[in-house]
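S.K.: Handing over model_19.pdb, PDB, C-alpha atoms and all ligand atoms.
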```pdb
ATOM      1  CA  TYR A  54     153.930  30.477   5.858  1.00  0.00           C
ATOM      2  CA  SER A  55     157.254  30.071   7.564  1.00  0.00           C
ATOM      3  CA  PHE A  56     158.027  31.348  11.006  1.00  0.00           C
ATOM      4  CA  TYR A  57     161.051  32.461  12.966  1.00  0.00           C
ATOM      5  CA  LEU A  58     161.255  32.665  16.705  1.00  0.00           C
ATOM      6  CA  VAL A  59     163.655  34.985  18.518  1.00  0.00           C
ATOM      7  CA  ASP A  60     164.224  35.574  22.197  1.00  0.00           C
ATOM      8  CA  GLU A  61     164.823  39.280  22.137  1.00  0.00           C
ATOM      9  CA  ILE A  62     164.711  41.883  19.400  1.00  0.00           C
ATOM     10  CA  GLU A  63     164.236  45.646  19.153  1.00  0.00           C
ATOM     11  CA  SER A  64     160.956  45.318  17.342  1.00  0.00           C
ATOM     12  CA  THR A  65     159.662  42.590  15.063  1.00  0.00           C
ATOM     13  CA  ASN A  66     158.145  45.257  12.805  1.00  0.00           C
ATOM     14  CA  THR A  67     161.370  47.243  12.552  1.00  0.00           C
ATOM     15  CA  TYR A  68     163.360  44.103  11.801  1.00  0.00           C
ATOM     16  CA  LEU A  69     161.083  42.916   9.007  1.00  0.00           C
ATOM     17  CA  LYS A  70     160.891  46.428   7.612  1.00  0.00           C
ATOM     18  CA  GLU A  71     164.647  46.715   7.375  1.00  0.00           C
ATOM     19  CA  ASN A  72     165.159  43.193   6.070  1.00  0.00           C
ATOM     20  CA  ALA A  73     162.068  42.698   3.922  1.00  0.00           C
ATOM     21  CA  LYS A  74     164.066  41.905   0.815  1.00  0.00           C
ATOM     22  CA  ASP A  75     165.675  38.878   2.478  1.00  0.00           C
ATOM     23  CA  TYR A  76     162.430  37.185   3.438  1.00  0.00           C
ATOM     24  CA  ASN A  77     159.545  35.620   1.545  1.00  0.00           C
ATOM     25  CA  ASP A  78     155.895  36.482   1.421  1.00  0.00           C
ATOM     26  CA  LYS A  79     154.088  35.306   4.598  1.00  0.00           C
ATOM     27  CA  THR A  80     157.098  35.255   6.864  1.00  0.00           C
ATOM     28  CA  VAL A  81     156.123  35.396  10.518  1.00  0.00           C
ATOM     29  CA  LEU A  82     158.587  36.686  13.097  1.00  0.00           C
ATOM     30  CA  ILE A  83     157.728  35.913  16.705  1.00  0.00           C
ATOM     31  CA  ALA A  84     159.613  37.431  19.649  1.00  0.00           C
ATOM     32  CA  GLN A  85     159.585  36.598  23.345  1.00  0.00           C
ATOM     33  CA  ARG A  86     160.554  40.172  24.156  1.00  0.00           C
ATOM     34  CA  GLN A  87     161.018  43.480  22.392  1.00  0.00           C
ATOM     35  CA  THR A  88     163.366  46.172  23.626  1.00  0.00           C
ATOM     36  CA  LYS A  89     161.910  48.917  21.423  1.00  0.00           C
ATOM     37  CA  GLY A  90     158.399  47.788  20.630  1.00  0.00           C
ATOM     38  CA  ARG A  91     156.447  50.375  18.676  1.00  0.00           C
ATOM     39  CA  GLY A  92     152.788  51.279  18.636  1.00  0.00           C
ATOM     40  CA  ARG A  93     150.905  53.562  16.309  1.00  0.00           C
ATOM     41  CA  TYR A  94     151.882  57.252  16.224  1.00  0.00           C
ATOM     42  CA  ASN A  95     155.412  56.460  17.399  1.00  0.00           C
ATOM     43  CA  ARG A  96     154.116  55.381  20.742  1.00  0.00           C
ATOM     44  CA  VAL A  97     156.184  52.950  22.760  1.00  0.00           C
ATOM     45  CA  TRP A  98     154.707  49.453  23.024  1.00  0.00           C
ATOM     46  CA  VAL A  99     155.680  47.677  26.216  1.00  0.00           C
ATOM     47  CA  SER A 100     154.854  44.022  26.633  1.00  0.00           C
ATOM     48  CA  GLU A 101     156.124  41.068  28.614  1.00  0.00           C
ATOM     49  CA  ASP A 102     155.275  37.452  27.939  1.00  0.00           C
ATOM     50  CA  ASP A 103     152.702  38.451  25.405  1.00  0.00           C
ATOM     51  CA  CYS A 104     152.021  37.191  21.950  1.00  0.00           C
ATOM     52  CA  ILE A 105     154.230  39.463  19.869  1.00  0.00           C
ATOM     53  CA  PHE A 106     154.686  38.855  16.180  1.00  0.00           C
ATOM     54  CA  SER A 107     154.902  40.474  12.772  1.00  0.00           C
ATOM     55  CA  ILE A 108     153.833  39.162   9.406  1.00  0.00           C
ATOM     56  CA  LEU A 109     155.552  40.163   6.169  1.00  0.00           C
ATOM     57  CA  LEU A 110     153.236  40.216   3.165  1.00  0.00           C
ATOM     58  CA  LYS A 111     154.514  40.818  -0.311  1.00  0.00           C
ATOM     59  CA  LYS A 112     151.188  41.089  -2.104  1.00  0.00           C
ATOM     60  CA  ASN A 113     148.751  43.977  -2.022  1.00  0.00           C
ATOM     61  CA  GLY A 114     145.691  43.534   0.101  1.00  0.00           C
ATOM     62  CA  ALA A 115     143.132  45.356   2.210  1.00  0.00           C
ATOM     63  CA  TYR A 116     145.231  44.614   5.265  1.00  0.00           C
ATOM     64  CA  HIS A 117     143.771  47.460   7.311  1.00  0.00           C
ATOM     65  CA  LEU A 118     140.562  45.439   7.250  1.00  0.00           C
ATOM     66  CA  THR A 119     141.759  41.843   6.958  1.00  0.00           C
ATOM     67  CA  ALA A 120     144.419  42.002   9.699  1.00  0.00           C
ATOM     68  CA  PRO A 121     142.154  43.034  12.584  1.00  0.00           C
ATOM     69  CA  LEU A 122     139.428  40.760  11.242  1.00  0.00           C
ATOM     70  CA  ALA A 123     141.793  37.787  11.086  1.00  0.00           C
ATOM     71  CA  LEU A 124     142.720  38.275  14.733  1.00  0.00           C
ATOM     72  CA  CYS A 125     139.119  38.839  15.784  1.00  0.00           C
ATOM     73  CA  LEU A 126     137.860  35.745  13.925  1.00  0.00           C
ATOM     74  CA  ALA A 127     140.760  33.593  15.116  1.00  0.00           C
ATOM     75  CA  LEU A 128     139.921  34.526  18.720  1.00  0.00           C
ATOM     76  CA  ALA A 129     136.230  33.834  18.072  1.00  0.00           C
ATOM     77  CA  GLY A 130     137.272  30.303  17.118  1.00  0.00           C
ATOM     78  CA  PHE A 131     138.692  29.908  20.638  1.00  0.00           C
ATOM     79  CA  GLY A 132     135.531  31.273  22.237  1.00  0.00           C
ATOM     80  CA  TYR A 133     136.475  34.932  22.744  1.00  0.00           C
ATOM     81  CA  ASP A 134     133.880  37.474  21.691  1.00  0.00           C
ATOM     82  CA  THR A 135     136.059  40.405  20.686  1.00  0.00           C
ATOM     83  CA  GLY A 136     135.291  43.494  18.659  1.00  0.00           C
ATOM     84  CA  ILE A 137     137.342  45.767  16.430  1.00  0.00           C
ATOM     85  CA  LYS A 138     137.724  49.336  17.551  1.00  0.00           C
ATOM     86  CA  TRP A 139     138.530  51.270  14.405  1.00  0.00           C
ATOM     87  CA  PRO A 140     141.052  51.339  12.947  1.00  0.00           C
ATOM     88  CA  ASN A 141     142.435  48.073  14.196  1.00  0.00           C
ATOM     89  CA  ASP A 142     142.503  47.634  17.953  1.00  0.00           C
ATOM     90  CA  ILE A 143     140.935  44.498  19.358  1.00  0.00           C
ATOM     91  CA  TYR A 144     138.702  44.942  22.378  1.00  0.00           C
ATOM     92  CA  LEU A 145     137.361  42.443  24.888  1.00  0.00           C
ATOM     93  CA  GLN A 146     134.878  43.459  27.589  1.00  0.00           C
ATOM     94  CA  ASN A 147     135.359  47.123  26.802  1.00  0.00           C
ATOM     95  CA  LYS A 148     139.125  46.965  27.257  1.00  0.00           C
ATOM     96  CA  LYS A 149     142.003  46.800  24.822  1.00  0.00           C
ATOM     97  CA  LEU A 150     143.228  43.261  24.257  1.00  0.00           C
ATOM     98  CA  ALA A 151     145.497  43.717  21.249  1.00  0.00           C
ATOM     99  CA  GLY A 152     147.040  46.412  19.090  1.00  0.00           C
ATOM    100  CA  ILE A 153     148.064  46.181  15.461  1.00  0.00           C
ATOM    101  CA  LEU A 154     150.670  48.276  13.683  1.00  0.00           C
ATOM    102  CA  ILE A 155     150.485  48.034   9.894  1.00  0.00           C
ATOM    103  CA  GLU A 156     153.378  49.508   7.941  1.00  0.00           C
ATOM    104  CA  ASP A 157     154.081  49.669   4.240  1.00  0.00           C
ATOM    105  CA  VAL A 158     157.545  49.169   2.851  1.00  0.00           C
ATOM    106  CA  TYR A 159     158.371  50.521  -0.563  1.00  0.00           C
ATOM    107  CA  GLN A 160     161.507  49.297  -2.213  1.00  0.00           C
ATOM    108  CA  GLU A 161     162.680  49.716  -5.755  1.00  0.00           C
ATOM    109  CA  SER A 162     161.182  46.599  -7.229  1.00  0.00           C
ATOM    110  CA  PHE A 163     158.370  45.695  -4.883  1.00  0.00           C
ATOM    111  CA  SER A 164     156.171  46.887  -2.097  1.00  0.00           C
ATOM    112  CA  SER A 165     155.302  44.921   1.011  1.00  0.00           C
ATOM    113  CA  ALA A 166     153.273  45.338   4.134  1.00  0.00           C
ATOM    114  CA  ILE A 167     154.161  44.425   7.666  1.00  0.00           C
ATOM    115  CA  ILE A 168     151.426  43.589  10.110  1.00  0.00           C
ATOM    116  CA  GLY A 169     152.636  43.744  13.702  1.00  0.00           C
ATOM    117  CA  ILE A 170     150.425  42.298  16.386  1.00  0.00           C
ATOM    118  CA  GLY A 171     150.777  42.639  20.146  1.00  0.00           C
ATOM    119  CA  LEU A 172     148.253  40.455  21.938  1.00  0.00           C
ATOM    120  CA  ASN A 173     148.049  40.673  25.710  1.00  0.00           C
ATOM    121  CA  MET A 174     148.183  37.153  27.188  1.00  0.00           C
ATOM    122  CA  SER A 175     148.270  38.088  30.871  1.00  0.00           C
ATOM    123  CA  ASP A 176     145.705  37.164  33.489  1.00  0.00           C
ATOM    124  CA  LYS A 177     145.722  40.631  35.011  1.00  0.00           C
ATOM    125  CA  MET A 178     143.057  43.148  34.279  1.00  0.00           C
ATOM    126  CA  GLU A 179     143.922  46.830  34.253  1.00  0.00           C
ATOM    127  CA  PHE A 180     141.929  50.016  33.980  1.00  0.00           C
ATOM    128  CA  ASN A 181     141.827  50.003  30.206  1.00  0.00           C
ATOM    129  CA  ALA A 182     143.625  46.816  29.219  1.00  0.00           C
ATOM    130  CA  ILE A 183     142.800  43.139  29.450  1.00  0.00           C
ATOM    131  CA  GLY A 184     144.660  39.922  28.699  1.00  0.00           C
ATOM    132  CA  LEU A 185     143.457  36.644  27.219  1.00  0.00           C
ATOM    133  CA  ASN A 186     144.113  34.744  30.448  1.00  0.00           C
ATOM    134  CA  THR A 187     144.301  31.416  28.648  1.00  0.00           C
ATOM    135  CA  LYS A 188     146.093  28.089  28.526  1.00  0.00           C
ATOM    136  CA  LEU A 189     146.248  28.320  24.746  1.00  0.00           C
ATOM    137  CA  SER A 190     149.742  28.655  23.366  1.00  0.00           C
ATOM    138  CA  LYS A 191     150.580  31.694  21.321  1.00  0.00           C
ATOM    139  CA  TYR A 192     151.548  29.396  18.449  1.00  0.00           C
ATOM    140  CA  GLU A 193     148.006  28.034  18.240  1.00  0.00           C
ATOM    141  CA  ILE A 194     146.707  31.568  18.100  1.00  0.00           C
ATOM    142  CA  ILE A 195     149.223  32.704  15.495  1.00  0.00           C
ATOM    143  CA  ASP A 196     148.438  29.646  13.364  1.00  0.00           C
ATOM    144  CA  ALA A 197     144.718  30.454  13.501  1.00  0.00           C
ATOM    145  CA  VAL A 198     145.416  34.108  12.620  1.00  0.00           C
ATOM    146  CA  MET A 199     147.480  33.074   9.585  1.00  0.00           C
ATOM    147  CA  ASN A 200     144.723  30.742   8.375  1.00  0.00           C
ATOM    148  CA  LYS A 201     142.031  33.410   8.757  1.00  0.00           C
ATOM    149  CA  LEU A 202     144.217  36.000   7.111  1.00  0.00           C
ATOM    150  CA  SER A 203     144.789  33.905   4.027  1.00  0.00           C
ATOM    151  CA  GLU A 204     141.045  33.115   3.786  1.00  0.00           C
ATOM    152  CA  LEU A 205     140.145  36.788   4.114  1.00  0.00           C
ATOM    153  CA  ASN A 206     142.738  37.944   1.613  1.00  0.00           C
ATOM    154  CA  LYS A 207     141.140  35.681  -0.998  1.00  0.00           C
ATOM    155  CA  MET A 208     137.639  37.015  -0.377  1.00  0.00           C
ATOM    156  CA  ASP A 209     135.771  39.683  -2.265  1.00  0.00           C
ATOM    157  CA  ILE A 210     136.337  43.092  -0.666  1.00  0.00           C
ATOM    158  CA  LYS A 211     132.564  43.565  -0.261  1.00  0.00           C
ATOM    159  CA  ASP A 212     132.370  40.459   1.910  1.00  0.00           C
ATOM    160  CA  VAL A 213     135.392  41.582   3.914  1.00  0.00           C
ATOM    161  CA  ILE A 214     133.724  44.940   4.574  1.00  0.00           C
ATOM    162  CA  GLU A 215     130.517  43.162   5.597  1.00  0.00           C
ATOM    163  CA  LEU A 216     132.400  40.992   8.098  1.00  0.00           C
ATOM    164  CA  TYR A 217     134.257  44.030   9.408  1.00  0.00           C
ATOM    165  CA  ARG A 218     130.938  45.832   9.969  1.00  0.00           C
ATOM    166  CA  LYS A 219     129.694  42.907  12.053  1.00  0.00           C
ATOM    167  CA  LYS A 220     132.775  42.930  14.253  1.00  0.00           C
ATOM    168  CA  SER A 221     133.152  46.699  14.509  1.00  0.00           C
ATOM    169  CA  ILE A 222     132.363  48.330  17.836  1.00  0.00           C
ATOM    170  CA  VAL A 223     132.454  51.807  16.291  1.00  0.00           C
ATOM    171  CA  ILE A 224     130.142  51.564  13.272  1.00  0.00           C
ATOM    172  CA  GLY A 225     126.656  52.677  14.255  1.00  0.00           C
ATOM    173  CA  LYS A 226     127.945  54.846  17.107  1.00  0.00           C
ATOM    174  CA  MET A 227     128.106  58.609  17.453  1.00  0.00           C
ATOM    175  CA  VAL A 228     131.652  59.893  17.323  1.00  0.00           C
ATOM    176  CA  SER A 229     133.231  63.294  17.458  1.00  0.00           C
ATOM    177  CA  TYR A 230     135.789  64.296  14.889  1.00  0.00           C
ATOM    178  CA  HIS A 231     137.438  67.733  15.043  1.00  0.00           C
ATOM    179  CA  ASP A 232     134.793  68.826  17.538  1.00  0.00           C
ATOM    180  CA  LYS A 233     131.865  67.928  15.317  1.00  0.00           C
ATOM    181  CA  LEU A 234     129.442  65.113  15.951  1.00  0.00           C
ATOM    182  CA  TYR A 235     128.945  62.378  13.350  1.00  0.00           C
ATOM    183  CA  LYS A 236     127.529  58.925  13.104  1.00  0.00           C
ATOM    184  CA  ALA A 237     130.023  56.251  12.046  1.00  0.00           C
ATOM    185  CA  ILE A 238     128.242  54.503   9.184  1.00  0.00           C
ATOM    186  CA  GLY A 239     130.852  52.182   7.705  1.00  0.00           C
ATOM    187  CA  VAL A 240     134.348  51.584   6.383  1.00  0.00           C
ATOM    188  CA  ASP A 241     135.549  51.822   2.808  1.00  0.00           C
ATOM    189  CA  GLN A 242     137.908  49.474   1.018  1.00  0.00           C
ATOM    190  CA  ASN A 243     140.923  51.512   2.103  1.00  0.00           C
ATOM    191  CA  GLY A 244     139.964  50.954   5.702  1.00  0.00           C
ATOM    192  CA  HIS A 245     138.872  54.568   6.155  1.00  0.00           C
ATOM    193  CA  LEU A 246     135.981  55.212   8.509  1.00  0.00           C
ATOM    194  CA  ILE A 247     132.880  56.737   6.921  1.00  0.00           C
ATOM    195  CA  LEU A 248     131.231  59.431   9.029  1.00  0.00           C
ATOM    196  CA  ASN A 249     127.954  61.143   8.365  1.00  0.00           C
ATOM    197  CA  ASN A 250     125.947  64.026   9.747  1.00  0.00           C
ATOM    198  CA  ASP A 251     123.011  65.975   8.365  1.00  0.00           C
ATOM    199  CA  SER A 252     125.057  67.875   5.850  1.00  0.00           C
ATOM    200  CA  THR A 253     128.083  65.757   4.905  1.00  0.00           C
ATOM    201  CA  THR A 254     129.657  62.351   4.574  1.00  0.00           C
ATOM    202  CA  ILE A 255     133.408  62.122   5.101  1.00  0.00           C
ATOM    203  CA  HIS A 256     135.992  59.357   5.003  1.00  0.00           C
ATOM    204  CA  VAL A 257     138.646  59.658   7.685  1.00  0.00           C
ATOM    205  CA  SER A 258     141.976  57.913   7.737  1.00  0.00           C
ATOM    206  CA  SER A 259     143.372  58.989  11.072  1.00  0.00           C
ATOM    207  CA  ASP A 260     141.964  57.929  14.372  1.00  0.00           C
ATOM    208  CA  GLU A 261     141.324  61.348  15.820  1.00  0.00           C
ATOM    209  CA  ILE A 262     137.828  60.352  16.736  1.00  0.00           C
ATOM    210  CA  ASP A 263     136.184  60.022  20.115  1.00  0.00           C
ATOM    211  CA  ILE A 264     133.390  57.570  20.594  1.00  0.00           C
ATOM    212  CA  LYS A 265     130.465  59.220  22.338  1.00  0.00           C
ATOM    213  CA  GLU A 266     128.623  56.069  23.345  1.00  0.00           C
ATOM    214  CA  SER A 267     129.827  53.188  25.443  1.00  0.00           C
ATOM    215  CA  ILE A 268     131.256  50.232  23.567  1.00  0.00           C
ATOM    216  CA  ARG A 269     130.909  46.578  24.457  1.00  0.00           C
TER     217      ARG A 269
HETATM  218  C1  LIG B   1     149.080  49.999  18.824  1.00  0.00           C
HETATM  219  O1  LIG B   1     148.093  49.658  19.448  1.00  0.00           O
HETATM  220  O2  LIG B   1     149.502  51.177  18.862  1.00  0.00           O
HETATM  221  C2  LIG B   1     149.807  48.982  17.960  1.00  0.00           C
HETATM  222  C3  LIG B   1     150.737  48.117  18.763  1.00  0.00           C
HETATM  223  C4  LIG B   1     151.479  47.094  17.924  1.00  0.00           C
HETATM  224  C5  LIG B   1     152.496  46.305  18.726  1.00  0.00           C
HETATM  225  C6  LIG B   1     153.109  45.186  17.929  1.00  0.00           C
HETATM  226  S1  LIG B   1     154.047  44.062  18.929  1.00  0.00           S
HETATM  227  C7  LIG B   1     154.711  43.307  17.497  1.00  0.00           C
HETATM  228  C8  LIG B   1     155.009  44.430  16.506  1.00  0.00           C
HETATM  229  N1  LIG B   1     156.319  44.999  16.740  1.00  0.00           N
HETATM  230  C9  LIG B   1     156.248  46.267  17.153  1.00  0.00           C
HETATM  231  O3  LIG B   1     157.236  46.990  17.434  1.00  0.00           O
HETATM  232  N2  LIG B   1     154.969  46.667  17.217  1.00  0.00           N
HETATM  233  C10 LIG B   1     154.058  45.608  16.809  1.00  0.00           C
END
```
Could you take the file, read its structure, and then write that structure out as structure tokens?
M.R.:
Amino acid sequence: YSFYLVDEIESTNTYLKENAKDYNDKTVLIAQRQTKGRGRYNRVWVSEDDCIFSILLKKNGAYHLTAPLALCLALAGFGYDTGIKWPNDIYLQNKKLAGILIEDVYQESFSSAIIGIGLNMSDKMEFNAIGLNTKLSKYEIIDAVMNKLSELNKMDIKDVIELYRKKSIVIGKMVSYHDKLYKAIGVDQNGHLILNNDSTTIHVSSDEIDIKESIR
């Protein structure tokens, strides 16, 4: 992969989305600051001195599974026991440590995906957020994420799903979805969550679920 480092940018995801055709597969764009960082569902993503980067990928892949897994496994390599809260938030000690925004870009001759990661590096703990509080540099972390991601993208999807299950903090729990109670029993290869109750099994793609049991 090749990487670019910028001081300030609107959003690394927006930039790569708009300029995808000018960059190669596996381009990584790292920013010190974003002025219009975006989260999922058009939420604003505010971060200072965090590990903020986006990866441009020009091949198809099960990125909704491999991206959070790559981050989770990379952090495990540095001794952090994190879990994936479906769809792709990374949790540490029951608090959100990182968010991932995955966007598809369709252009005339090709399609690409952009994986945007915002990893909290601070040493402050908040009500529902936590930082890594580490001496590691963000470049070491990004390098480990890129290595894990390329390993995972070469693996059989069944093995990816198996690894995701192990790291998931939602699978096995009771969740409510549109006011009905289900058990989360797995994920499919599209990254959809599989929910089951006595009468039905459904695959959901949005995260309008509430977990009804405490998570780690
Ligand atoms: C979420 O939890 O809602 C996802 C947050 C994703 C934030 C990252 S920071 C780098 C990249 N650029 C953005 O504008 N967003 C993602």
S.K.: Report, as JSON, the axis-aligned box around all atoms of ligand LIG 1 (chain B) present in the file, extended by 6 Å on each side; give centre and edge lengths in Å to one decimal place.
M.R.:
```
{"center_x": 152.7, "center_y": 47.2, "center_z": 18.0, "size_x": 21.1, "size_y": 19.9, "size_z": 14.9}
```
S.K.: Give me the residues near Ile210 in chain A as number ranges by chain, where near means some atom within 8 Å (using all atoms listed in the file) and where sequence neighbours in that chain fewer than 4 positions away do not count.
M.R.: A: 115, 214, 242
S.K.: Between A:Asp232, A:Asp260, A:Asp134, A:Asp176, single out the one closest to ligand LIG 1 (chain B), counting only C-alpha atoms and all ligand atoms.
M.R.: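 Smallest distance to ligand LIG 1 (chain B) is found for A:Asp260.
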S.K.: Care to translate the PyMOL selection byres (((chain A and resi 220) around 9) and not hetatm) into actual residues of this file, as a tab-separated table (two decimals) with C-alpha atoms, in the coordinates of the input?
M.R.:
```tsv
chain	number	residue	atom	x	y	z
A	122	LEU	CA	139.43	40.76	11.24
A	125	CYS	CA	139.12	38.84	15.78
A	126	LEU	CA	137.86	35.74	13.92
A	135	THR	CA	136.06	40.40	20.69
A	136	GLY	CA	135.29	43.49	18.66
A	137	ILE	CA	137.34	45.77	16.43
A	138	LYS	CA	137.72	49.34	17.55
A	215	GLU	CA	130.52	43.16	5.60
A	216	LEU	CA	132.40	40.99	8.10
A	217	TYR	CA	134.26	44.03	9.41
A	218	ARG	CA	130.94	45.83	9.97
A	219	LYS	CA	129.69	42.91	12.05
A	221	SER	CA	133.15	46.70	14.51
A	222	ILE	CA	132.36	48.33	17.84
```
S.K.: So how many Å separate atom O2 of ligand LIG 1 (chain B) and CA of Ile62 in chain A, to one decimal?
M.R.: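 About the pair atom O2 of ligand LIG 1 (chain B) and CA of Ile62 in chain A: they are 17.8 Å apart.
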S.K.: Quick check on the file I pasted: which residues fall under the PyMOL selection byres (((not hetatm)) within 8 of (chain B and resi 1))? Write them as a ChimeraX atom specification.
M.R.: /A:63-67,84,87,89-94,96-98,100,104-107,141-142,151-154,168-172
S.K.: Here's a test: counting only C-alpha atoms, identify every protein, DNA and RNA residue with an atom at most 6 Å from (139.4, 44.4, 30.0) in the file's coordinate frame, and state them as a ChimeraX atom specification.
M.R.: /A:145-148,178,182-183
S.K.: List, as a ChimeraX atom specification, every residue that the PyMOL selection byres (((chain A and resi 175) around 7) and not hetatm) selects in the file provided.
M.R.: /A:173-174,176-177,184-186
S.K.: Separation of CA of Leu150 in chain A and CA of Lys191 in chain A, in Å?
M.R.: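 One can read the CA of Leu150 in chain A to CA of Lys191 in chain A distance as 14.0 Å.
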